[in-house]
$ cat query-v3.txt   # compact mmCIF, N, CA and C atoms
# COMPACT_ATOMS: atom_id res chain seq x y z
N MET A 1 124.50 129.69 47.55
CA MET A 1 125.92 129.67 47.29
C MET A 1 126.33 131.02 46.70
N PRO A 2 127.37 131.63 47.25
CA PRO A 2 127.79 132.94 46.75
C PRO A 2 128.40 132.83 45.35
N VAL A 3 128.22 133.87 44.60
CA VAL A 3 128.80 133.96 43.27
C VAL A 3 129.94 134.96 43.33
N THR A 4 131.08 134.59 42.78
CA THR A 4 132.22 135.49 42.76
C THR A 4 132.17 136.30 41.48
N GLU A 5 132.14 137.60 41.62
CA GLU A 5 132.08 138.47 40.46
C GLU A 5 133.45 138.96 40.03
N LEU A 6 134.37 139.03 40.97
CA LEU A 6 135.66 139.64 40.69
C LEU A 6 136.73 138.87 41.43
N TYR A 7 137.79 138.49 40.74
CA TYR A 7 138.90 137.80 41.37
C TYR A 7 139.98 138.82 41.69
N VAL A 8 140.44 138.82 42.92
CA VAL A 8 141.50 139.72 43.34
C VAL A 8 142.68 138.87 43.76
N ASP A 9 143.76 138.97 42.99
CA ASP A 9 144.96 138.19 43.27
C ASP A 9 145.52 138.57 44.64
N GLY A 10 145.75 137.60 45.49
CA GLY A 10 146.33 137.84 46.81
C GLY A 10 145.35 138.18 47.91
N ILE A 11 144.05 138.15 47.62
CA ILE A 11 143.06 138.54 48.63
C ILE A 11 143.08 137.61 49.84
N ASN A 12 143.33 136.32 49.62
CA ASN A 12 143.38 135.39 50.75
C ASN A 12 144.53 135.73 51.69
N ASP A 13 145.65 136.16 51.13
CA ASP A 13 146.78 136.57 51.96
C ASP A 13 146.43 137.81 52.78
N VAL A 14 145.73 138.74 52.17
CA VAL A 14 145.32 139.96 52.88
C VAL A 14 144.38 139.61 54.03
N LEU A 15 143.39 138.77 53.75
CA LEU A 15 142.42 138.41 54.79
C LEU A 15 143.09 137.60 55.90
N ARG A 16 144.04 136.76 55.55
CA ARG A 16 144.78 135.98 56.54
C ARG A 16 145.62 136.90 57.43
N ALA A 17 146.21 137.94 56.83
CA ALA A 17 147.03 138.89 57.58
C ALA A 17 146.20 139.66 58.61
N PHE A 18 144.91 139.82 58.34
CA PHE A 18 144.04 140.52 59.30
C PHE A 18 143.92 139.75 60.61
N LYS A 19 144.18 138.45 60.57
CA LYS A 19 144.11 137.66 61.80
C LYS A 19 145.20 138.06 62.79
N ALA A 20 146.27 138.67 62.30
CA ALA A 20 147.36 139.11 63.18
C ALA A 20 147.01 140.43 63.86
N LEU A 21 146.02 141.12 63.36
CA LEU A 21 145.59 142.39 63.95
C LEU A 21 144.50 142.14 64.99
N PRO A 22 144.23 143.12 65.84
CA PRO A 22 143.15 142.95 66.83
C PRO A 22 141.80 142.72 66.14
N LYS A 23 140.88 142.08 66.88
CA LYS A 23 139.55 141.77 66.33
C LYS A 23 138.81 143.03 65.88
N GLU A 24 139.11 144.15 66.51
CA GLU A 24 138.45 145.40 66.12
C GLU A 24 138.79 145.78 64.68
N ALA A 25 139.97 145.41 64.21
CA ALA A 25 140.36 145.70 62.83
C ALA A 25 139.45 144.94 61.87
N SER A 26 139.17 143.68 62.16
CA SER A 26 138.26 142.90 61.31
C SER A 26 136.85 143.46 61.38
N LYS A 27 136.44 143.93 62.56
CA LYS A 27 135.11 144.54 62.68
C LYS A 27 135.01 145.78 61.81
N GLU A 28 136.07 146.60 61.81
CA GLU A 28 136.09 147.79 60.97
C GLU A 28 136.05 147.43 59.49
N LEU A 29 136.77 146.37 59.11
CA LEU A 29 136.78 145.93 57.72
C LEU A 29 135.39 145.44 57.32
N ARG A 30 134.72 144.72 58.21
CA ARG A 30 133.36 144.26 57.91
C ARG A 30 132.41 145.44 57.75
N ALA A 31 132.54 146.44 58.59
CA ALA A 31 131.68 147.62 58.49
C ALA A 31 131.94 148.37 57.18
N ALA A 32 133.20 148.53 56.82
CA ALA A 32 133.54 149.20 55.56
C ALA A 32 133.02 148.40 54.37
N SER A 33 133.14 147.09 54.44
CA SER A 33 132.67 146.23 53.34
C SER A 33 131.16 146.31 53.20
N MET A 34 130.45 146.34 54.32
CA MET A 34 128.99 146.47 54.26
C MET A 34 128.59 147.81 53.65
N ASP A 35 129.31 148.87 54.03
CA ASP A 35 129.03 150.19 53.47
C ASP A 35 129.23 150.19 51.96
N ILE A 36 130.34 149.63 51.51
CA ILE A 36 130.64 149.57 50.07
C ILE A 36 129.60 148.74 49.34
N ALA A 37 129.24 147.59 49.90
CA ALA A 37 128.23 146.74 49.27
C ALA A 37 126.88 147.46 49.20
N GLY A 38 126.56 148.20 50.24
CA GLY A 38 125.29 148.93 50.27
C GLY A 38 125.25 150.08 49.27
N ARG A 39 126.38 150.71 49.03
CA ARG A 39 126.41 151.84 48.10
C ARG A 39 126.62 151.43 46.64
N PHE A 40 127.34 150.33 46.41
CA PHE A 40 127.67 149.95 45.04
C PHE A 40 126.95 148.68 44.58
N MET A 41 127.09 147.61 45.34
CA MET A 41 126.60 146.32 44.88
C MET A 41 125.09 146.19 44.93
N ALA A 42 124.50 146.46 46.07
CA ALA A 42 123.06 146.26 46.22
C ALA A 42 122.26 147.05 45.18
N PRO A 43 122.55 148.34 44.97
CA PRO A 43 121.80 149.06 43.93
C PRO A 43 121.99 148.46 42.53
N ALA A 44 123.20 148.04 42.21
CA ALA A 44 123.46 147.45 40.89
C ALA A 44 122.69 146.15 40.71
N TRP A 45 122.66 145.32 41.74
CA TRP A 45 121.93 144.05 41.64
C TRP A 45 120.43 144.27 41.61
N ARG A 46 119.94 145.25 42.37
CA ARG A 46 118.50 145.53 42.34
C ARG A 46 118.07 146.04 40.96
N GLU A 47 118.91 146.88 40.38
CA GLU A 47 118.61 147.38 39.04
C GLU A 47 118.64 146.23 38.01
N ALA A 48 119.64 145.37 38.12
CA ALA A 48 119.75 144.24 37.20
C ALA A 48 118.54 143.32 37.32
N ALA A 49 118.03 143.14 38.53
CA ALA A 49 116.87 142.27 38.73
C ALA A 49 115.65 142.77 37.96
N GLY A 50 115.63 144.05 37.65
CA GLY A 50 114.53 144.60 36.87
C GLY A 50 114.41 143.97 35.49
N TYR A 51 115.46 143.32 35.03
CA TYR A 51 115.44 142.66 33.73
C TYR A 51 115.00 141.19 33.83
N ALA A 52 114.65 140.74 35.02
CA ALA A 52 114.33 139.32 35.25
C ALA A 52 112.88 138.98 34.95
N GLY A 53 112.23 139.77 34.14
CA GLY A 53 110.85 139.47 33.77
C GLY A 53 109.90 139.62 34.93
N PRO A 54 108.89 138.75 35.01
CA PRO A 54 107.87 138.89 36.05
C PRO A 54 108.39 138.67 37.47
N TRP A 55 109.61 138.15 37.61
CA TRP A 55 110.16 137.90 38.93
C TRP A 55 111.09 139.02 39.39
N GLY A 56 111.23 140.06 38.59
CA GLY A 56 112.17 141.14 38.89
C GLY A 56 111.96 141.81 40.23
N ASP A 57 110.71 142.15 40.55
CA ASP A 57 110.45 142.84 41.82
C ASP A 57 110.77 141.96 43.02
N VAL A 58 110.41 140.68 42.92
CA VAL A 58 110.68 139.74 44.01
C VAL A 58 112.19 139.59 44.21
N LEU A 59 112.92 139.47 43.11
CA LEU A 59 114.37 139.32 43.19
C LEU A 59 115.02 140.60 43.71
N ALA A 60 114.57 141.75 43.23
CA ALA A 60 115.14 143.02 43.70
C ALA A 60 114.92 143.18 45.20
N ASP A 61 113.74 142.81 45.68
CA ASP A 61 113.46 142.92 47.11
C ASP A 61 114.29 141.95 47.95
N SER A 62 114.80 140.90 47.31
CA SER A 62 115.55 139.88 48.06
C SER A 62 117.04 140.19 48.16
N VAL A 63 117.51 141.26 47.50
CA VAL A 63 118.93 141.61 47.56
C VAL A 63 119.23 142.21 48.94
N LYS A 64 120.14 141.56 49.64
CA LYS A 64 120.52 142.00 51.00
C LYS A 64 122.04 142.11 51.10
N VAL A 65 122.49 143.12 51.81
CA VAL A 65 123.92 143.29 52.06
C VAL A 65 124.34 142.28 53.12
N ARG A 66 125.44 141.59 52.86
CA ARG A 66 125.96 140.60 53.82
C ARG A 66 127.08 141.20 54.64
N ARG A 67 127.19 140.74 55.87
CA ARG A 67 128.28 141.16 56.76
C ARG A 67 129.46 140.22 56.51
N ASP A 68 130.48 140.74 55.85
CA ASP A 68 131.65 139.94 55.49
C ASP A 68 132.85 140.87 55.42
N ARG A 69 134.04 140.29 55.32
CA ARG A 69 135.25 141.12 55.23
C ARG A 69 135.46 141.68 53.83
N VAL A 70 134.75 141.15 52.87
CA VAL A 70 134.75 141.69 51.51
C VAL A 70 133.33 142.13 51.19
N PRO A 71 133.15 143.14 50.34
CA PRO A 71 131.79 143.56 50.00
C PRO A 71 131.01 142.39 49.40
N ALA A 72 129.81 142.16 49.90
CA ALA A 72 129.03 141.00 49.45
C ALA A 72 127.54 141.27 49.62
N VAL A 73 126.76 140.68 48.72
CA VAL A 73 125.31 140.69 48.84
C VAL A 73 124.80 139.27 48.67
N SER A 74 123.61 139.02 49.17
CA SER A 74 122.93 137.75 48.90
C SER A 74 121.68 138.08 48.11
N ILE A 75 121.31 137.16 47.24
CA ILE A 75 120.12 137.35 46.41
C ILE A 75 119.27 136.11 46.56
N GLY A 76 118.06 136.30 47.00
CA GLY A 76 117.16 135.17 47.20
C GLY A 76 116.79 135.06 48.66
N GLY A 77 116.41 133.90 49.04
CA GLY A 77 116.01 133.65 50.42
C GLY A 77 114.98 132.54 50.45
N MET A 78 114.72 132.05 51.62
CA MET A 78 113.81 130.91 51.76
C MET A 78 112.38 131.35 52.11
N LYS A 79 112.14 132.64 52.22
CA LYS A 79 110.80 133.13 52.50
C LYS A 79 109.91 132.91 51.28
N LYS A 80 108.74 132.35 51.49
CA LYS A 80 107.80 132.08 50.40
C LYS A 80 107.16 133.40 49.97
N VAL A 81 107.55 133.88 48.81
CA VAL A 81 107.10 135.18 48.35
C VAL A 81 106.33 135.12 47.03
N LEU A 82 106.25 133.95 46.44
CA LEU A 82 105.56 133.79 45.16
C LEU A 82 104.31 132.93 45.35
N SER A 83 103.34 133.12 44.46
CA SER A 83 102.14 132.29 44.55
C SER A 83 102.55 130.83 44.37
N GLY A 84 101.93 129.95 45.11
CA GLY A 84 102.29 128.54 45.06
C GLY A 84 103.43 128.20 46.01
N GLY A 85 103.90 129.17 46.78
CA GLY A 85 104.93 128.90 47.77
C GLY A 85 106.36 129.00 47.28
N GLY A 86 106.58 129.61 46.13
CA GLY A 86 107.93 129.74 45.60
C GLY A 86 108.74 130.81 46.32
N THR A 87 110.05 130.63 46.31
CA THR A 87 110.96 131.58 46.93
C THR A 87 111.75 132.31 45.85
N ALA A 88 112.37 133.43 46.23
CA ALA A 88 113.21 134.16 45.28
C ALA A 88 114.40 133.31 44.85
N THR A 89 114.91 132.49 45.74
CA THR A 89 116.03 131.61 45.39
C THR A 89 115.63 130.64 44.28
N MET A 90 114.39 130.18 44.32
CA MET A 90 113.93 129.21 43.33
C MET A 90 113.89 129.78 41.91
N VAL A 91 113.70 131.10 41.79
CA VAL A 91 113.61 131.70 40.46
C VAL A 91 114.86 132.51 40.07
N ARG A 92 115.81 132.62 40.97
CA ARG A 92 117.00 133.45 40.72
C ARG A 92 117.73 133.03 39.43
N TYR A 93 118.18 131.80 39.36
CA TYR A 93 118.94 131.35 38.18
C TYR A 93 118.06 131.02 36.97
N PRO A 94 116.91 130.35 37.15
CA PRO A 94 116.08 130.07 35.97
C PRO A 94 115.60 131.33 35.26
N SER A 95 115.36 132.41 36.02
CA SER A 95 114.89 133.64 35.39
C SER A 95 115.98 134.31 34.57
N SER A 96 117.23 133.95 34.81
CA SER A 96 118.34 134.48 34.02
C SER A 96 118.68 133.55 32.86
N SER A 97 118.77 132.26 33.15
CA SER A 97 119.22 131.30 32.14
C SER A 97 118.12 130.81 31.22
N GLY A 98 116.87 130.87 31.68
CA GLY A 98 115.76 130.34 30.91
C GLY A 98 115.56 128.85 31.10
N ASN A 99 116.47 128.20 31.81
CA ASN A 99 116.38 126.76 32.05
C ASN A 99 115.45 126.52 33.23
N ARG A 100 114.30 125.96 32.97
CA ARG A 100 113.31 125.81 34.04
C ARG A 100 113.54 124.60 34.92
N GLY A 101 114.42 123.71 34.54
CA GLY A 101 114.69 122.54 35.36
C GLY A 101 113.44 121.72 35.60
N GLN A 102 113.13 121.44 36.87
CA GLN A 102 111.96 120.63 37.23
C GLN A 102 110.69 121.48 37.41
N SER A 103 110.81 122.77 37.20
CA SER A 103 109.69 123.67 37.45
C SER A 103 108.65 123.60 36.32
N PHE A 104 107.41 123.90 36.68
CA PHE A 104 106.35 124.02 35.69
C PHE A 104 106.27 125.44 35.14
N ALA A 105 106.92 126.38 35.84
CA ALA A 105 106.85 127.77 35.44
C ALA A 105 107.63 127.99 34.14
N PRO A 106 107.08 128.81 33.26
CA PRO A 106 107.83 129.12 32.03
C PRO A 106 108.87 130.20 32.31
N PHE A 107 110.10 129.94 31.95
CA PHE A 107 111.17 130.91 32.14
C PHE A 107 111.72 131.34 30.79
N GLU A 108 111.93 132.62 30.67
CA GLU A 108 112.54 133.19 29.47
C GLU A 108 113.98 133.56 29.82
N GLN A 109 114.91 133.34 28.91
CA GLN A 109 116.31 133.70 29.17
C GLN A 109 116.44 135.21 29.13
N THR A 110 116.80 135.81 30.26
CA THR A 110 116.91 137.26 30.36
C THR A 110 118.36 137.71 30.59
N ASP A 111 119.20 136.80 31.05
CA ASP A 111 120.60 137.12 31.37
C ASP A 111 120.73 138.27 32.38
N TRP A 112 119.76 138.40 33.26
CA TRP A 112 119.79 139.52 34.20
C TRP A 112 120.98 139.44 35.15
N LEU A 113 121.49 138.24 35.41
CA LEU A 113 122.64 138.11 36.31
C LEU A 113 123.92 138.70 35.72
N LYS A 114 123.91 138.98 34.44
CA LYS A 114 125.09 139.56 33.78
C LYS A 114 124.96 141.07 33.61
N ARG A 115 123.94 141.68 34.17
CA ARG A 115 123.65 143.09 33.93
C ARG A 115 123.91 143.99 35.14
N THR A 116 124.91 143.68 35.91
CA THR A 116 125.14 144.46 37.13
C THR A 116 125.82 145.79 36.89
N GLY A 117 126.31 146.03 35.72
CA GLY A 117 126.90 147.33 35.42
C GLY A 117 128.36 147.44 35.83
N GLY A 118 128.86 148.65 35.79
CA GLY A 118 130.28 148.88 35.98
C GLY A 118 130.68 149.36 37.36
N TYR A 119 130.07 148.88 38.39
CA TYR A 119 130.40 149.34 39.74
C TYR A 119 131.68 148.70 40.29
N LYS A 120 132.15 147.63 39.69
CA LYS A 120 133.19 146.79 40.30
C LYS A 120 134.50 147.52 40.56
N GLN A 121 134.97 148.30 39.60
CA GLN A 121 136.26 148.98 39.76
C GLN A 121 136.21 150.00 40.90
N ALA A 122 135.14 150.78 40.97
CA ALA A 122 135.02 151.78 42.05
C ALA A 122 134.90 151.09 43.40
N ALA A 123 134.15 150.00 43.45
CA ALA A 123 133.98 149.29 44.72
C ALA A 123 135.29 148.68 45.20
N ILE A 124 136.05 148.07 44.30
CA ILE A 124 137.30 147.44 44.72
C ILE A 124 138.32 148.49 45.10
N ARG A 125 138.29 149.64 44.44
CA ARG A 125 139.20 150.74 44.79
C ARG A 125 138.90 151.23 46.21
N GLU A 126 137.63 151.41 46.53
CA GLU A 126 137.25 151.85 47.88
C GLU A 126 137.59 150.80 48.92
N TRP A 127 137.39 149.52 48.58
CA TRP A 127 137.69 148.46 49.53
C TRP A 127 139.19 148.41 49.81
N ALA A 128 140.01 148.54 48.76
CA ALA A 128 141.47 148.54 48.94
C ALA A 128 141.90 149.71 49.80
N ALA A 129 141.27 150.88 49.61
CA ALA A 129 141.59 152.04 50.43
C ALA A 129 141.20 151.80 51.89
N ALA A 130 140.07 151.13 52.12
CA ALA A 130 139.64 150.81 53.48
C ALA A 130 140.63 149.85 54.14
N VAL A 131 141.09 148.84 53.38
CA VAL A 131 142.07 147.89 53.91
C VAL A 131 143.33 148.65 54.31
N ASP A 132 143.82 149.50 53.43
CA ASP A 132 145.05 150.27 53.72
C ASP A 132 144.87 151.13 54.96
N ARG A 133 143.73 151.82 55.05
CA ARG A 133 143.46 152.70 56.18
C ARG A 133 143.41 151.92 57.50
N ILE A 134 142.73 150.79 57.49
CA ILE A 134 142.58 149.98 58.71
C ILE A 134 143.91 149.36 59.12
N VAL A 135 144.66 148.83 58.16
CA VAL A 135 145.96 148.23 58.48
C VAL A 135 146.90 149.29 59.04
N GLU A 136 146.91 150.46 58.43
CA GLU A 136 147.79 151.54 58.92
C GLU A 136 147.41 151.93 60.35
N LYS A 137 146.12 152.03 60.61
CA LYS A 137 145.66 152.42 61.95
C LYS A 137 146.06 151.37 62.98
N TRP A 138 145.79 150.10 62.73
CA TRP A 138 145.99 149.06 63.73
C TRP A 138 147.41 148.54 63.78
N ASP A 139 148.16 148.72 62.72
CA ASP A 139 149.55 148.26 62.71
C ASP A 139 150.43 149.17 63.56
N ARG A 140 150.00 150.42 63.75
CA ARG A 140 150.76 151.38 64.56
C ARG A 140 150.60 151.13 66.05
N LEU A 141 149.51 150.49 66.43
CA LEU A 141 149.22 150.31 67.87
C LEU A 141 150.03 149.19 68.47
$ encode --input "query-v3.txt" --output "structure tokens"
Amino acid sequence: MPVTELYVDGINDVLRAFKALPKEASKELRAASMDIAGRFMAPAWREAAGYAGPWGDVLADSVKVRRDRVPAVSIGGMKKVLSGGGTATMVRYPSSSGNRGQSFAPFEQTDWLKRTGGYKQAAIREWAAAVDRIVEKWDRL
């Protein structure tokens, strides 16, 4: 399940308005969003995962840029990467919260999910500029 890090007032209206433009406009927005996520989000999340204790490397390796109209990453996955058959998804939240749930593994509260740093303002500024550029280009045609 995706986690929302930043709320942008009116974003649903913007994304809905893209439906009135040619499909190529949405493709360009997805490409720009992937670029922004790759330059800002993925490095921040990989660095934050370093605070996740013994699961940090596994979590950092699981950070992937998602193809979406807004910059997005996914963290985790169903690939068995831990001894005993565990996945990065299985340790993502417990390694931050310390709540082990049904697991036998000992988890320490690290709050690594809150350590992504200050990339958000620069990323949203670039995304807004990409939206403006794409709308201007395709609205003229």
$ closest_atom_pairs --input "query-v3.txt" --of "range 6-72 of chain A" --to "range 115-128 of chain A" --cutoff "7 Å" --atoms "only N, CA and C atoms" --output "JSON lines"
{"residue": "A:Ala32", "atom": "C", "partner": "A:Trp127", "partner_atom": "CA", "distance": 6.7}
{"residue": "A:Ser33", "atom": "CA", "partner": "A:Trp127", "partner_atom": "CA", "distance": 6.7}
{"residue": "A:Ile36", "atom": "CA", "partner": "A:Ala123", "partner_atom": "CA", "distance": 6.3}
{"residue": "A:Phe40", "atom": "C", "partner": "A:Tyr119", "partner_atom": "CA", "distance": 6.0}
{"residue": "A:Met41", "atom": "N", "partner": "A:Tyr119", "partner_atom": "CA", "distance": 6.7}
{"residue": "A:Ala44", "atom": "C", "partner": "A:Thr116", "partner_atom": "CA", "distance": 4.7}
{"residue": "A:Trp45", "atom": "N", "partner": "A:Thr116", "partner_atom": "CA", "distance": 5.3}
{"residue": "A:Glu47", "atom": "C", "partner": "A:Arg115", "partner_atom": "C", "distance": 6.4}
{"residue": "A:Ala48", "atom": "CA", "partner": "A:Arg115", "partner_atom": "C", "distance": 4.6}
{"residue": "A:Ala49", "atom": "N", "partner": "A:Arg115", "partner_atom": "C", "distance": 6.8}
$ residues_around --input "query-v3.txt" --residues "Arg67 in chain A" --least-positions-apart "6" --cutoff "8 Å" --atoms "all atoms listed in the file" --output "VMD selection string"
chain A and resid 29 to 31 33 to 34 73 to 74
$ residues_near_point --input "query-v3.txt" --point "(109.6, 128.5, 32.6)" --cutoff "12 Å" --atoms "only C-alpha atoms" --output "list in words"
Gly53, Pro54, Trp55, Met90, Val91, Tyr93, Pro94, Ser95, Ser96, Ser97, Gly98, Asn99, Arg100, Gly101, Gln102, Ser103, Phe104, Ala105, Pro106, Phe107, Glu108, Gln109 and Thr110 of chain A
$ residues_around --input "query-v3.txt" --residues "Ile75 in chain A" --least-positions-apart "2" --cutoff "5 Å" --atoms "only N, CA and C atoms" --output "PyMOL selection string"
chain A and resi 62-63+73+77
$ residues_near_point --input "query-v3.txt" --point "(147.2, 144.3, 63.1)" --cutoff "6.5 Å" --atoms "all atoms listed in the file" --output "short mmCIF file (atom, residue, chain, number, x, y, z; two decimals) with N, CA and C atoms, keeping the file's coordinate frame"
data_model
loop_
_atom_site.label_atom_id
_atom_site.label_comp_id
_atom_site.auth_asym_id
_atom_site.auth_seq_id
_atom_site.Cartn_x
_atom_site.Cartn_y
_atom_site.Cartn_z
N PHE A 18 144.91 139.82 58.34
CA PHE A 18 144.04 140.52 59.30
C PHE A 18 143.92 139.75 60.61
N ALA A 20 146.27 138.67 62.30
CA ALA A 20 147.36 139.11 63.18
C ALA A 20 147.01 140.43 63.86
N LEU A 21 146.02 141.12 63.36
CA LEU A 21 145.59 142.39 63.95
C LEU A 21 144.50 142.14 64.99
N PRO A 22 144.23 143.12 65.84
CA PRO A 22 143.15 142.95 66.83
C PRO A 22 141.80 142.72 66.14
N VAL A 135 144.66 148.83 58.16
CA VAL A 135 145.96 148.23 58.48
C VAL A 135 146.90 149.29 59.04
N TRP A 138 145.79 150.10 62.73
CA TRP A 138 145.99 149.06 63.73
C TRP A 138 147.41 148.54 63.78
N ASP A 139 148.16 148.72 62.72
CA ASP A 139 149.55 148.26 62.71
C ASP A 139 150.43 149.17 63.56
#
$ atom_distance --input "query-v3.txt" --atom1 "atom C of Pro71 in chain A" --atom2 "atom C of Ala37 in chain A"
6.5 Å
$ atom_distance --input "query-v3.txt" --atom1 "atom C of Ala52 in chain A" --atom2 "CA of Leu113 in chain A"
9.9 Å
$ atom_distance --input "query-v3.txt" --atom1 "CA of Asp132 in chain A" --atom2 "CA of Arg39 in chain A"
19.5 Å
$ select_by_dssp --input "query-v3.txt" --residues "chain A" --states "strand (DSSP E)" --output "PyMOL selection string"
chain A and resi 64-65+73-74
$ axis_aligned_box --input "query-v3.txt" --around "range 65-83 of chain A" --padding-each-side "3 Å" --output "lines of an AutoDock Vina configuration file"
center_x = 118.8
center_y = 137.2
center_z = 50.6
size_x = 39.3
size_y = 18.7
size_z = 18.4
$ select_by_dssp --input "query-v3.txt" --residues "range 21-79 of chain A" --states "alpha helix (DSSP H)" --output "ChimeraX atom specification"
/A:23-36,42-49,56-61
